[in-house]
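Here is structure.txt, consisting of compact mmCIF, C-alpha atoms and all ligand atoms:
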```
# COMPACT_ATOMS: atom_id res chain seq x y z
CA MET A 165 24.96 161.37 -118.68
CA LEU A 166 22.10 160.82 -116.24
CA ARG A 167 21.87 164.58 -115.75
CA ASP A 168 21.47 165.04 -119.50
CA LEU A 169 18.72 162.44 -119.58
CA ILE A 170 16.87 164.14 -116.73
CA LYS A 171 17.07 167.46 -118.56
CA GLU A 172 15.45 165.86 -121.58
CA SER A 173 12.30 165.13 -119.59
CA LYS A 174 10.49 168.11 -118.10
CA ALA A 175 8.18 165.78 -116.19
CA VAL A 176 11.08 163.94 -114.55
CA GLU A 177 12.82 167.21 -113.76
CA ARG A 178 9.68 168.57 -112.12
CA ALA A 179 9.03 165.34 -110.21
CA LEU A 180 12.57 165.30 -108.82
CA ALA A 181 12.15 168.93 -107.74
CA GLY A 182 9.06 167.90 -105.73
CA GLU A 183 6.55 169.71 -107.95
CA GLU A 184 3.05 168.44 -108.58
CA LEU A 185 2.85 166.94 -112.05
CA SER A 186 0.25 168.08 -114.56
CA TYR A 187 -1.88 165.90 -116.81
CA ASN A 188 0.58 166.57 -119.64
CA ASP A 189 3.53 165.64 -117.44
CA GLY A 190 1.81 162.35 -116.73
CA LEU A 191 1.39 161.69 -120.43
CA GLU A 192 5.04 162.47 -120.99
CA LEU A 193 5.99 159.86 -118.38
CA MET A 194 3.70 157.21 -119.83
CA LYS A 195 5.10 157.81 -123.33
CA ASP A 196 8.74 158.06 -122.25
CA GLU A 197 10.60 155.11 -123.67
CA ASN A 198 13.30 155.31 -121.07
CA LEU A 199 11.83 153.16 -118.32
CA PHE A 200 15.14 153.31 -116.46
CA LEU A 201 14.83 157.07 -116.08
CA VAL A 202 11.15 157.07 -115.03
CA GLY A 203 11.63 154.08 -112.70
CA ALA A 204 14.78 155.47 -111.08
CA SER A 205 13.03 158.83 -110.55
CA ALA A 206 10.05 157.09 -108.95
CA ASP A 207 12.42 155.13 -106.72
CA PHE A 208 14.16 158.36 -105.69
CA VAL A 209 10.83 160.03 -104.87
CA ARG A 210 9.63 156.94 -102.99
CA LYS A 211 12.77 157.02 -100.86
CA LYS A 212 12.27 160.70 -100.08
CA LEU A 213 8.59 160.28 -99.17
CA VAL A 214 8.36 156.96 -97.34
CA GLY A 215 11.92 155.73 -96.84
CA GLU A 216 13.07 152.14 -96.96
CA LYS A 217 10.12 150.38 -95.35
CA VAL A 218 7.98 148.00 -97.38
CA THR A 219 4.68 147.33 -95.70
CA PHE A 220 2.11 144.53 -96.00
CA ALA A 221 -0.92 143.33 -94.08
CA ALA A 222 -1.99 139.86 -93.05
CA SER A 223 -5.21 139.78 -95.04
CA TYR A 224 -7.84 137.16 -95.65
CA TYR A 225 -9.83 137.43 -98.89
CA MET A 226 -13.38 136.30 -99.16
CA ASN A 227 -16.07 136.56 -101.85
CA TYR A 228 -19.51 136.25 -100.28
CA THR A 229 -21.23 135.58 -103.61
CA ASN A 230 -20.33 135.15 -107.26
CA VAL A 231 -23.89 135.92 -108.36
CA CYS A 232 -23.90 139.22 -110.19
CA ALA A 233 -26.50 141.29 -112.00
CA ALA A 234 -23.73 142.90 -114.04
CA SER A 235 -21.73 141.18 -116.79
CA CYS A 236 -18.47 143.05 -117.15
CA GLN A 237 -16.36 142.27 -120.18
CA MET A 238 -13.21 142.17 -118.02
CA CYS A 239 -14.60 139.74 -115.44
CA ALA A 240 -14.24 135.96 -115.24
CA PHE A 241 -15.80 135.69 -111.82
CA TYR A 242 -19.50 136.40 -112.14
CA ARG A 243 -22.27 133.80 -112.48
CA LYS A 244 -25.97 134.16 -113.03
CA GLY A 245 -28.13 132.85 -110.18
CA ASP A 246 -29.21 129.70 -112.02
CA GLU A 247 -25.72 128.48 -112.97
CA SER A 248 -24.58 125.30 -111.24
CA ASP A 249 -21.47 126.86 -109.70
CA ALA A 250 -23.24 130.00 -108.45
CA TYR A 251 -22.93 130.39 -104.68
CA THR A 252 -23.82 132.75 -101.86
CA LEU A 253 -22.44 132.38 -98.35
CA THR A 254 -24.66 132.89 -95.34
CA PRO A 255 -23.49 135.32 -92.64
CA GLU A 256 -22.83 132.24 -90.45
CA GLN A 257 -20.59 130.65 -93.10
CA ILE A 258 -18.77 133.94 -93.45
CA GLU A 259 -18.23 134.13 -89.68
CA LYS A 260 -16.71 130.63 -89.74
CA ARG A 261 -14.26 131.71 -92.40
CA VAL A 262 -13.31 134.76 -90.37
CA ALA A 263 -12.54 132.39 -87.47
CA ILE A 264 -10.17 130.52 -89.82
CA ALA A 265 -8.65 133.84 -90.90
CA LYS A 266 -7.96 134.65 -87.26
CA GLN A 267 -6.23 131.30 -86.75
CA MET A 268 -4.07 132.08 -89.77
CA GLY A 269 -2.95 135.34 -88.18
CA ALA A 270 -4.96 137.72 -90.36
CA THR A 271 -5.66 141.14 -88.90
CA GLU A 272 -8.17 142.10 -91.59
CA VAL A 273 -10.78 140.43 -93.74
CA HIS A 274 -11.33 141.71 -97.24
CA ILE A 275 -14.89 140.89 -98.26
CA VAL A 276 -16.33 141.61 -101.71
CA GLY A 277 -18.85 140.02 -104.03
CA GLY A 278 -21.03 140.34 -107.10
CA PHE A 279 -24.12 142.53 -107.36
CA HIS A 280 -26.62 140.02 -105.97
CA PRO A 281 -30.09 141.04 -107.15
CA LYS A 282 -31.92 139.47 -104.19
CA LEU A 283 -29.82 140.18 -101.12
CA GLN A 284 -31.21 143.06 -99.10
CA LEU A 285 -29.43 145.43 -96.72
CA ASP A 286 -30.13 143.28 -93.66
CA TYR A 287 -27.98 140.47 -95.14
CA TYR A 288 -24.98 142.83 -95.23
CA GLU A 289 -25.72 144.28 -91.80
CA ASN A 290 -26.02 140.78 -90.32
CA MET A 291 -22.72 139.83 -91.92
CA MET A 292 -20.98 142.80 -90.26
CA ARG A 293 -22.64 142.18 -86.89
CA ILE A 294 -21.90 138.48 -86.68
CA ILE A 295 -18.23 139.09 -87.51
CA LYS A 296 -17.85 141.93 -85.01
CA LYS A 297 -19.68 140.05 -82.27
CA ASN A 298 -17.44 137.00 -82.57
CA HIS A 299 -14.19 138.66 -83.66
CA PRO A 300 -14.20 142.26 -82.42
CA GLU A 301 -10.48 142.66 -83.04
CA MET A 302 -10.74 141.77 -86.74
CA SER A 303 -10.72 144.76 -89.07
CA ILE A 304 -13.50 144.49 -91.65
CA LYS A 305 -12.65 145.89 -95.07
CA ALA A 306 -15.72 145.21 -97.15
CA PHE A 307 -17.81 146.19 -100.18
CA THR A 308 -16.47 148.24 -103.05
CA ALA A 309 -18.04 151.59 -103.87
CA ALA A 310 -19.57 149.84 -106.90
CA GLU A 311 -21.34 147.31 -104.63
CA ILE A 312 -22.57 150.07 -102.35
CA PHE A 313 -23.89 152.05 -105.31
CA TYR A 314 -25.71 148.96 -106.65
CA LEU A 315 -27.19 148.22 -103.22
CA SER A 316 -28.41 151.77 -102.96
CA LYS A 317 -30.24 151.46 -106.30
CA LEU A 318 -31.58 147.98 -105.47
CA THR A 319 -32.93 148.89 -102.05
CA LYS A 320 -33.87 152.48 -102.92
CA ASN A 321 -31.86 153.83 -100.01
CA SER A 322 -29.38 156.66 -100.38
CA VAL A 323 -25.67 155.81 -100.50
CA LYS A 324 -25.30 157.76 -97.26
CA GLU A 325 -27.98 155.67 -95.55
CA ILE A 326 -26.43 152.38 -96.70
CA LEU A 327 -22.94 153.37 -95.62
CA SER A 328 -24.09 154.73 -92.25
CA ARG A 329 -25.98 151.54 -91.47
CA LEU A 330 -23.06 149.33 -92.49
CA LYS A 331 -20.68 151.44 -90.45
CA ASP A 332 -22.97 151.12 -87.42
CA ALA A 333 -23.05 147.36 -87.98
CA GLY A 334 -19.23 147.10 -87.94
CA LEU A 335 -17.76 148.10 -91.30
CA ASP A 336 -14.28 149.55 -90.68
CA SER A 337 -13.03 150.40 -94.16
CA MET A 338 -13.63 149.72 -97.84
CA PRO A 339 -11.50 148.06 -100.49
CA GLY A 340 -10.64 149.99 -103.63
CA GLY A 341 -12.21 147.72 -106.24
CA GLY A 342 -14.73 148.66 -108.89
CA ALA A 343 -12.82 151.79 -109.82
CA GLU A 344 -11.42 150.04 -112.94
CA LEU A 345 -10.74 153.08 -115.14
CA PHE A 346 -12.94 156.12 -114.61
CA HIS A 347 -12.76 157.48 -118.15
CA PRO A 348 -16.14 156.84 -119.86
CA GLU A 349 -14.53 156.07 -123.22
CA VAL A 350 -12.78 152.98 -121.92
CA ARG A 351 -15.11 152.15 -119.03
CA ALA A 352 -18.00 151.52 -121.41
CA GLN A 353 -15.94 148.80 -123.09
CA ILE A 354 -14.80 146.95 -119.99
CA VAL A 355 -17.81 147.08 -117.64
CA ARG A 356 -21.50 146.42 -118.25
CA GLY A 357 -24.05 147.12 -115.53
CA LYS A 358 -21.62 148.78 -113.13
CA CYS A 359 -21.66 152.39 -111.89
CA THR A 360 -19.94 155.10 -113.90
CA GLY A 361 -16.56 156.43 -112.87
CA GLN A 362 -18.17 159.56 -111.44
CA GLU A 363 -20.69 157.51 -109.46
CA TRP A 364 -17.80 155.48 -108.02
CA LEU A 365 -16.00 158.67 -107.02
CA ASP A 366 -19.16 160.21 -105.50
CA THR A 367 -19.86 157.04 -103.51
CA ILE A 368 -16.36 156.81 -102.11
CA GLU A 369 -16.38 160.53 -101.31
CA GLN A 370 -19.52 159.94 -99.26
CA ALA A 371 -17.79 157.07 -97.45
CA HIS A 372 -14.81 159.26 -96.64
CA LYS A 373 -17.13 161.98 -95.34
CA LEU A 374 -18.65 159.44 -92.96
CA GLY A 375 -15.17 158.52 -91.71
CA ILE A 376 -14.90 155.28 -93.66
CA LYS A 377 -11.46 155.21 -95.27
CA SER A 378 -10.82 153.18 -98.37
CA ASN A 379 -8.26 151.96 -100.84
CA VAL A 380 -8.44 152.83 -104.51
CA THR A 381 -7.48 150.69 -107.49
CA MET A 382 -6.95 151.03 -111.24
CA LEU A 383 -7.47 148.17 -113.67
CA TYR A 384 -4.90 148.49 -116.44
CA GLY A 385 -3.39 146.42 -119.22
CA HIS A 386 -6.39 145.89 -121.50
CA ILE A 387 -7.61 148.44 -124.05
CA GLU A 388 -6.63 151.69 -122.37
CA LYS A 389 -4.38 154.44 -123.67
CA PRO A 390 -1.97 156.56 -121.59
CA GLU A 391 -4.63 159.32 -121.49
CA HIS A 392 -7.04 157.07 -119.60
CA VAL A 393 -4.40 156.10 -117.03
CA ILE A 394 -3.45 159.71 -116.35
CA ASP A 395 -7.09 160.82 -116.20
CA HIS A 396 -7.64 158.14 -113.53
CA LEU A 397 -4.62 159.20 -111.49
CA VAL A 398 -5.54 162.89 -111.64
CA LYS A 399 -9.09 162.14 -110.44
CA ILE A 400 -7.76 160.10 -107.53
CA ARG A 401 -5.34 162.89 -106.62
CA GLU A 402 -8.05 165.53 -106.71
CA LEU A 403 -10.40 163.54 -104.49
CA GLN A 404 -7.60 162.71 -102.08
CA LYS A 405 -6.84 166.42 -101.70
CA LYS A 406 -10.49 166.95 -100.80
CA THR A 407 -11.09 164.04 -98.37
CA GLY A 408 -7.74 162.47 -97.43
CA GLY A 409 -9.71 159.23 -97.24
CA PHE A 410 -7.66 156.98 -99.51
CA ILE A 411 -5.28 154.70 -97.66
CA THR A 412 -3.33 153.26 -100.55
CA PHE A 413 -3.37 153.12 -104.34
CA ILE A 414 -3.34 149.63 -105.85
CA PRO A 415 -2.85 149.31 -109.61
CA LEU A 416 -4.37 145.98 -110.72
CA LYS A 417 -3.03 144.20 -113.77
CA PHE A 418 -5.80 142.89 -116.02
CA SER A 419 -5.97 139.11 -116.06
CA LEU A 420 -7.09 137.87 -119.46
CA ASP A 421 -8.27 134.29 -119.01
CA ASN A 422 -11.98 133.51 -119.45
CA THR A 423 -13.07 137.10 -119.95
CA GLU A 424 -15.28 138.44 -122.72
CA LEU A 425 -12.42 140.73 -123.76
CA GLU A 426 -10.38 137.59 -124.48
CA GLN A 427 -13.20 135.66 -126.15
CA GLN A 428 -13.96 138.53 -128.49
CA HIS A 429 -10.25 139.01 -129.23
CA LYS A 430 -10.38 142.60 -128.02
CA VAL A 431 -7.32 141.87 -125.91
CA GLU A 432 -4.93 139.21 -127.24
CA HIS A 433 -2.38 139.08 -124.44
CA GLU A 434 -1.68 140.49 -121.03
CA CYS A 435 0.49 143.58 -120.81
CA SER A 436 4.28 143.40 -120.57
CA SER A 437 6.34 143.68 -117.41
CA ILE A 438 7.79 146.89 -118.81
CA TYR A 439 4.28 148.37 -118.89
CA ASP A 440 3.61 147.11 -115.34
CA LEU A 441 6.69 148.94 -114.11
CA LYS A 442 5.79 152.08 -116.04
CA ILE A 443 2.38 152.09 -114.32
CA ILE A 444 3.90 151.76 -110.85
CA ALA A 445 6.51 154.44 -111.49
CA THR A 446 4.08 156.89 -113.08
CA SER A 447 1.58 156.36 -110.26
CA ARG A 448 4.24 157.18 -107.68
CA LEU A 449 5.26 160.35 -109.48
CA MET A 450 1.71 161.56 -110.21
CA LEU A 451 0.41 160.97 -106.66
CA ALA A 452 3.59 162.08 -104.84
CA GLY A 453 2.90 164.11 -101.71
CA VAL A 454 -0.85 163.48 -101.87
CA LEU A 455 -1.18 159.69 -101.67
CA ASN A 456 2.15 158.22 -100.69
CA ASN A 457 1.27 154.55 -100.31
CA ILE A 458 1.72 152.87 -103.68
CA SER A 459 0.95 149.18 -103.56
CA VAL A 460 2.38 146.40 -105.67
CA TYR A 461 -0.12 143.57 -105.93
CA TRP A 462 2.39 140.73 -105.86
CA VAL A 463 -0.28 138.06 -106.45
CA ALA A 464 -0.72 139.37 -110.01
CA PHE A 465 2.96 140.15 -110.61
CA GLY A 466 4.63 137.11 -109.09
CA LYS A 467 7.24 137.65 -106.43
CA LYS A 468 10.22 138.41 -108.68
CA LEU A 469 8.51 141.14 -110.71
CA ALA A 470 7.02 142.49 -107.49
CA GLN A 471 10.54 142.97 -106.15
CA VAL A 472 11.45 144.96 -109.26
CA ALA A 473 8.26 147.01 -108.94
CA LEU A 474 9.25 147.88 -105.37
CA SER A 475 12.42 149.34 -106.87
CA ASN A 476 10.39 151.40 -109.35
CA GLY A 477 8.25 153.39 -106.95
CA GLY A 478 6.30 150.79 -104.95
CA SER A 479 6.34 150.77 -101.16
CA ASP A 480 3.64 148.29 -100.11
CA LEU A 481 2.81 144.70 -101.03
CA VAL A 482 -0.91 144.86 -100.17
CA GLY A 483 -1.03 141.68 -98.11
CA THR A 484 -0.76 137.98 -97.66
CA ALA A 485 -3.99 137.31 -99.56
CA PHE A 486 -4.80 134.27 -97.47
CA SER A 487 -7.90 132.53 -98.60
CA GLU A 488 -9.80 129.45 -97.74
CA GLU A 489 -8.53 127.78 -100.90
CA ILE A 490 -4.90 128.55 -100.19
CA TYR A 491 -5.36 127.40 -96.66
CA LYS A 492 -6.84 124.07 -97.73
CA ALA A 493 -4.53 123.44 -100.64
CA ALA A 494 -1.27 124.32 -99.02
CA GLY A 495 -1.87 123.49 -95.39
CA LYS A 496 0.88 125.99 -94.70
CA PRO A 497 1.78 127.19 -91.24
CA THR A 498 -0.16 130.39 -90.81
CA ASN A 499 2.75 132.75 -90.59
CA SER A 500 4.72 131.41 -93.49
CA SER A 501 3.16 133.81 -95.95
CA VAL A 502 4.03 136.78 -93.76
CA LEU A 503 7.59 135.53 -93.45
CA GLU A 504 7.81 134.89 -97.18
CA LEU A 505 6.81 138.48 -97.87
CA ALA A 506 9.33 139.71 -95.31
CA THR A 507 12.04 137.65 -97.00
CA MET A 508 11.08 139.03 -100.36
CA VAL A 509 11.57 142.54 -99.01
CA LYS A 510 14.87 141.74 -97.27
CA GLU A 511 16.22 140.25 -100.51
CA ILE A 512 16.10 143.71 -102.11
CA GLY A 513 17.70 145.41 -99.14
CA ARG A 514 14.55 147.09 -97.78
CA LYS A 515 12.85 146.91 -94.39
CA PRO A 516 9.79 144.64 -94.09
CA VAL A 517 7.01 145.90 -91.83
CA GLN A 518 3.71 144.18 -91.16
CA ARG A 519 0.97 146.80 -90.95
CA ASP A 520 -2.72 146.92 -90.18
CA THR A 521 -5.43 148.10 -92.57
CA PHE A 522 -4.67 151.75 -91.81
CA PHE A 523 -0.89 151.44 -92.13
CA LYS A 524 -0.22 151.36 -88.41
CA GLU A 525 2.92 149.28 -87.89
CA ILE A 526 2.40 145.93 -86.19
CA ARG A 527 5.85 144.41 -86.37
CA SER A 528 9.12 144.63 -88.23
CA PHE A 529 11.41 141.74 -89.12
S1 LIG B 601 -19.71 143.84 -111.11
FE1 LIG B 601 -18.61 143.24 -112.96
S2 LIG B 601 -16.51 142.84 -112.17
FE2 LIG B 601 -17.88 142.79 -110.38
S3 LIG B 601 -18.46 140.63 -110.16
FE3 LIG B 601 -20.05 141.63 -111.38
S4 LIG B 601 -19.44 141.23 -113.51
FE4 LIG B 601 -17.64 140.87 -112.23
```
Target encoding structure tokens, full file:
Amino acid sequence: MLRDLIKESKAVERALAGEELSYNDGLELMKDENLFLVGASADFVRKKLVGEKVTFAASYYMNYTNVCAASCQMCAFYRKGDESDAYTLTPEQIEKRVAIAKQMGATEVHIVGGFHPKLQLDYYENMMRIIKKNHPEMSIKAFTAAEIFYLSKLTKNSVKEILSRLKDAGLDSMPGGGAELFHPEVRAQIVRGKCTGQEWLDTIEQAHKLGIKSNVTMLYGHIEKPEHVIDHLVKIRELQKKTGGFITFIPLKFSLDNTELEQQHKVEHECSSIYDLKIIATSRLMLAGVLNNISVYWVAFGKKLAQVALSNGGSDLVGTAFSEEIYKAAGKPTNSSVLELATMVKEIGRKPVQRDTFFKEIRSF
């Protein structure tokens, strides 16, 4: 019976044979109502490509400012500079938080922020330098391609110049945020004041050329259609073939609360778990053989759905997502989050592995 089902889907048949899927194959997967078939195929391909390990990093998340010159319709985070809860951390405050991250066992800090209209390049360079000087072993993953592009426009320096100077100051890698969805049709309705999809791709290509590897994300579950998802995946695949600079692909589920998209009733509810799983499975099959790390962002999914997503093509859990707030609120022993993730992986019969930013294995459990 399963064989008959596979024969009904050319895309699944081709994926299981190890062929690269076309744009139309991707659409077929997204529109296939049989999630079981697509998910099981993605799980099969995952097993073939990366085996039974499920990786995660001990990461500390930090936002250096919530002040932003943009006003994206999908964002609940940004503030204008004169709002009472607007904040900007000094490089010294950031360094102190990195010291906390170290105590918590983090091996990387993930630092992003809004497009601050007054901060100049020396602020970012100082941030890198003060972290590296005090914590040379900490891997710095900072600034999305969208932030770099904005900084280049603000300071009238080329993207190459900005990235080279930040790399010299200590930047090790870049997160994958700001990619959202590249397709202009949908991008224009979810971001305002942010670079275009092509500008994001050009910026990250420049980073890769300078030896700065990065992650790449996709914001889904709002107003997009299957065509936009597949367009995004194909563009990632093409760039990865050119640079090899993407470390992992992280689909990000759109969170509705307090966004303009919610207030204007453009999106009434968050997407279903079925759609989440379809995204993970399709991503695995579309990127197979080119970008083999497919991350499940468990913070957005919750741990139970994350476990299911790992059985539908996912092979990485991103990380512990420590933050100052979690640290203060929970007062948890540092390693408990790492152990919780390891337990989550063991519960589904897979092998937990703590990794560094670049997927080098640190320890297994
Ligand atoms: S660029 Fe857009 S998504 Fe990023 S902080 Fe500013 S408003 Fe939010």
Check which residues fall inside 10 Å of ligand LIG 601 (chain B) when counting only C-alpha atoms and all ligand atoms, and print them as a PyMOL selection string.
-> chain A and resi 227+229-244+276-280+308+310-311+314+341-344+354-359+423
Quick one: pull the distance between atom CA of Lys324 of chain A and atom CA of Met292 of chain A, Å, one decimal.
->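 Answer for the atom CA of Lys324 of chain A to atom CA of Met292 of chain A separation: 17.1 Å.
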The residue from A:Ala485, A:Phe465, A:Lys417, A:Leu191 with the smallest atom-to-atom distance to Tyr225 of chain A, counting only C-alpha atoms, is A:Ala485
Mind pulling up the distance from atom CA of Ser316 of chain A to atom CA of Glu289 of chain A?
-> 13.7 Å
List the neighbours of Val431 of chain A out to 7 Å using all atoms listed in the file; skip same-chain residues closer than 3 positions along the sequence, and give me the result as a PyMOL selection string.
-> chain A and resi 386-387+425-426
Generate a file of the selected residues that holds C-alpha atoms, formatted as a PDB file, in the frame of the given file.
```pdb
ATOM      1  CA  HIS A 386      -6.390 145.890-121.500  1.00  0.00           C
ATOM      2  CA  ILE A 387      -7.610 148.440-124.050  1.00  0.00           C
ATOM      3  CA  LEU A 425     -12.420 140.730-123.760  1.00  0.00           C
ATOM      4  CA  GLU A 426     -10.380 137.590-124.480  1.00  0.00           C
TER       5      GLU A 426
END
```
For Leu315 of chain A, which of A:Val393, A:Leu335, A:Thr367, A:Met302 is the closest residue, counting all atoms listed in the file?
->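 The closest residue to Leu315 of chain A is A:Thr367.
Between atom CA of Ile170 of chain A and atom CA of Asn198 of chain A the separation is 10.5 Å.
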Residue among A:Arg293, A:Arg261, A:Lys399, A:Lys305 lying closest to Leu345 of chain A, counting only C-alpha atoms = A:Lys399
Would you mind telling me which residue in A:Lys212, A:Lys297, A:Lys515, A:Lys282 lies nearest to Gly453 of chain A when using only C-alpha atoms?
->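 Of the candidates, the smallest distance to Gly453 of chain A is held by A:Lys212.
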Using only C-alpha atoms, what table do you get, as a Markdown table, when you list each residue of segment 238-345 of chain A with an atom no more than 9 Å from segment 371-374 of chain A, its nearest pair of atoms, and their distance in Å rounded to one decimal, rows by chain then rising number?
```
| residue | atom | partner | partner_atom | distance |
| --- | --- | --- | --- | --- |
| A:Ala309 | CA | A:Ala371 | CA | 8.4 |
| A:Val323 | CA | A:Ala371 | CA | 8.5 |
| A:Lys324 | CA | A:Ala371 | CA | 7.5 |
| A:Leu327 | CA | A:Ala371 | CA | 6.6 |
| A:Ser328 | CA | A:Leu374 | CA | 7.2 |
| A:Lys331 | CA | A:Leu374 | CA | 8.6 |
| A:Ser337 | CA | A:Ala371 | CA | 8.8 |
| A:Met338 | CA | A:Ala371 | CA | 8.5 |
```
Could you name the residues that touch Met226 of chain A at 7 Å or less, counting all atoms listed in the file, but leaving out those on the same chain fewer than 4 positions away, as an NGL selection string?
-> :A and (274-276 or 487)
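The smallest atom-to-atom distance between Leu403 of chain A and any of A:Glu525, A:Asp196, A:Glu349, A:Asp366, using all atoms listed in the file, is found for A:Asp366.
Within 8 Å of Thr521 of chain A, once only C-alpha atoms are used and residues closer than 2 positions along the same chain are dropped, the contacting residues are Ala221, Thr271, Glu272, Ser303, Lys305, Arg519, Phe523 and Lys524 of chain A.
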What would segment 274-281 of chain A look like with all heavy atoms restored, written as a short mmCIF file (atom, residue, chain, number, x, y, z; two decimals), keeping the file's coordinate frame?
```
data_model
loop_
_atom_site.label_atom_id
_atom_site.label_comp_id
_atom_site.auth_asym_id
_atom_site.auth_seq_id
_atom_site.Cartn_x
_atom_site.Cartn_y
_atom_site.Cartn_z
N HIS A 274 -11.01 140.91 -96.05
CA HIS A 274 -11.33 141.71 -97.24
C HIS A 274 -12.51 140.98 -97.89
O HIS A 274 -12.36 139.87 -98.39
CB HIS A 274 -10.07 141.69 -98.11
CG HIS A 274 -10.20 142.28 -99.47
ND1 HIS A 274 -9.49 143.39 -99.87
CD2 HIS A 274 -10.94 141.92 -100.54
CE1 HIS A 274 -9.80 143.68 -101.11
NE2 HIS A 274 -10.67 142.79 -101.55
N ILE A 275 -13.68 141.60 -97.82
CA ILE A 275 -14.89 140.89 -98.26
C ILE A 275 -15.56 141.65 -99.41
O ILE A 275 -15.99 142.80 -99.25
CB ILE A 275 -15.90 140.77 -97.09
CG1 ILE A 275 -15.23 140.14 -95.87
CG2 ILE A 275 -17.12 139.96 -97.51
CD1 ILE A 275 -16.11 140.10 -94.63
N VAL A 276 -15.64 141.00 -100.56
CA VAL A 276 -16.33 141.61 -101.71
C VAL A 276 -17.15 140.55 -102.42
O VAL A 276 -16.98 139.35 -102.19
CB VAL A 276 -15.33 142.24 -102.72
CG1 VAL A 276 -14.63 143.43 -102.12
CG2 VAL A 276 -14.33 141.22 -103.20
N GLY A 277 -18.04 140.99 -103.29
CA GLY A 277 -18.85 140.02 -104.03
C GLY A 277 -19.50 140.65 -105.24
O GLY A 277 -19.29 141.83 -105.55
N GLY A 278 -20.29 139.85 -105.93
CA GLY A 278 -21.03 140.34 -107.10
C GLY A 278 -22.20 141.20 -106.66
O GLY A 278 -22.47 141.35 -105.46
N PHE A 279 -22.91 141.73 -107.65
CA PHE A 279 -24.12 142.53 -107.36
C PHE A 279 -25.29 141.56 -107.28
O PHE A 279 -25.94 141.28 -108.30
CB PHE A 279 -24.40 143.54 -108.47
CG PHE A 279 -23.31 144.54 -108.74
CD1 PHE A 279 -23.33 145.30 -109.91
CD2 PHE A 279 -22.28 144.77 -107.83
CE1 PHE A 279 -22.36 146.25 -110.18
CE2 PHE A 279 -21.30 145.71 -108.09
CZ PHE A 279 -21.33 146.45 -109.27
N HIS A 280 -25.55 141.03 -106.10
CA HIS A 280 -26.62 140.02 -105.97
C HIS A 280 -27.98 140.71 -106.03
O HIS A 280 -28.28 141.58 -105.21
CB HIS A 280 -26.45 139.24 -104.66
CG HIS A 280 -27.21 137.95 -104.67
ND1 HIS A 280 -28.58 137.90 -104.80
CD2 HIS A 280 -26.78 136.67 -104.61
CE1 HIS A 280 -28.97 136.64 -104.80
NE2 HIS A 280 -27.89 135.87 -104.70
N PRO A 281 -28.83 140.29 -106.97
CA PRO A 281 -30.09 141.04 -107.15
C PRO A 281 -31.14 140.75 -106.09
O PRO A 281 -32.17 141.43 -106.06
CB PRO A 281 -30.59 140.56 -108.52
CG PRO A 281 -29.92 139.25 -108.76
CD PRO A 281 -28.64 139.25 -107.98
#
```
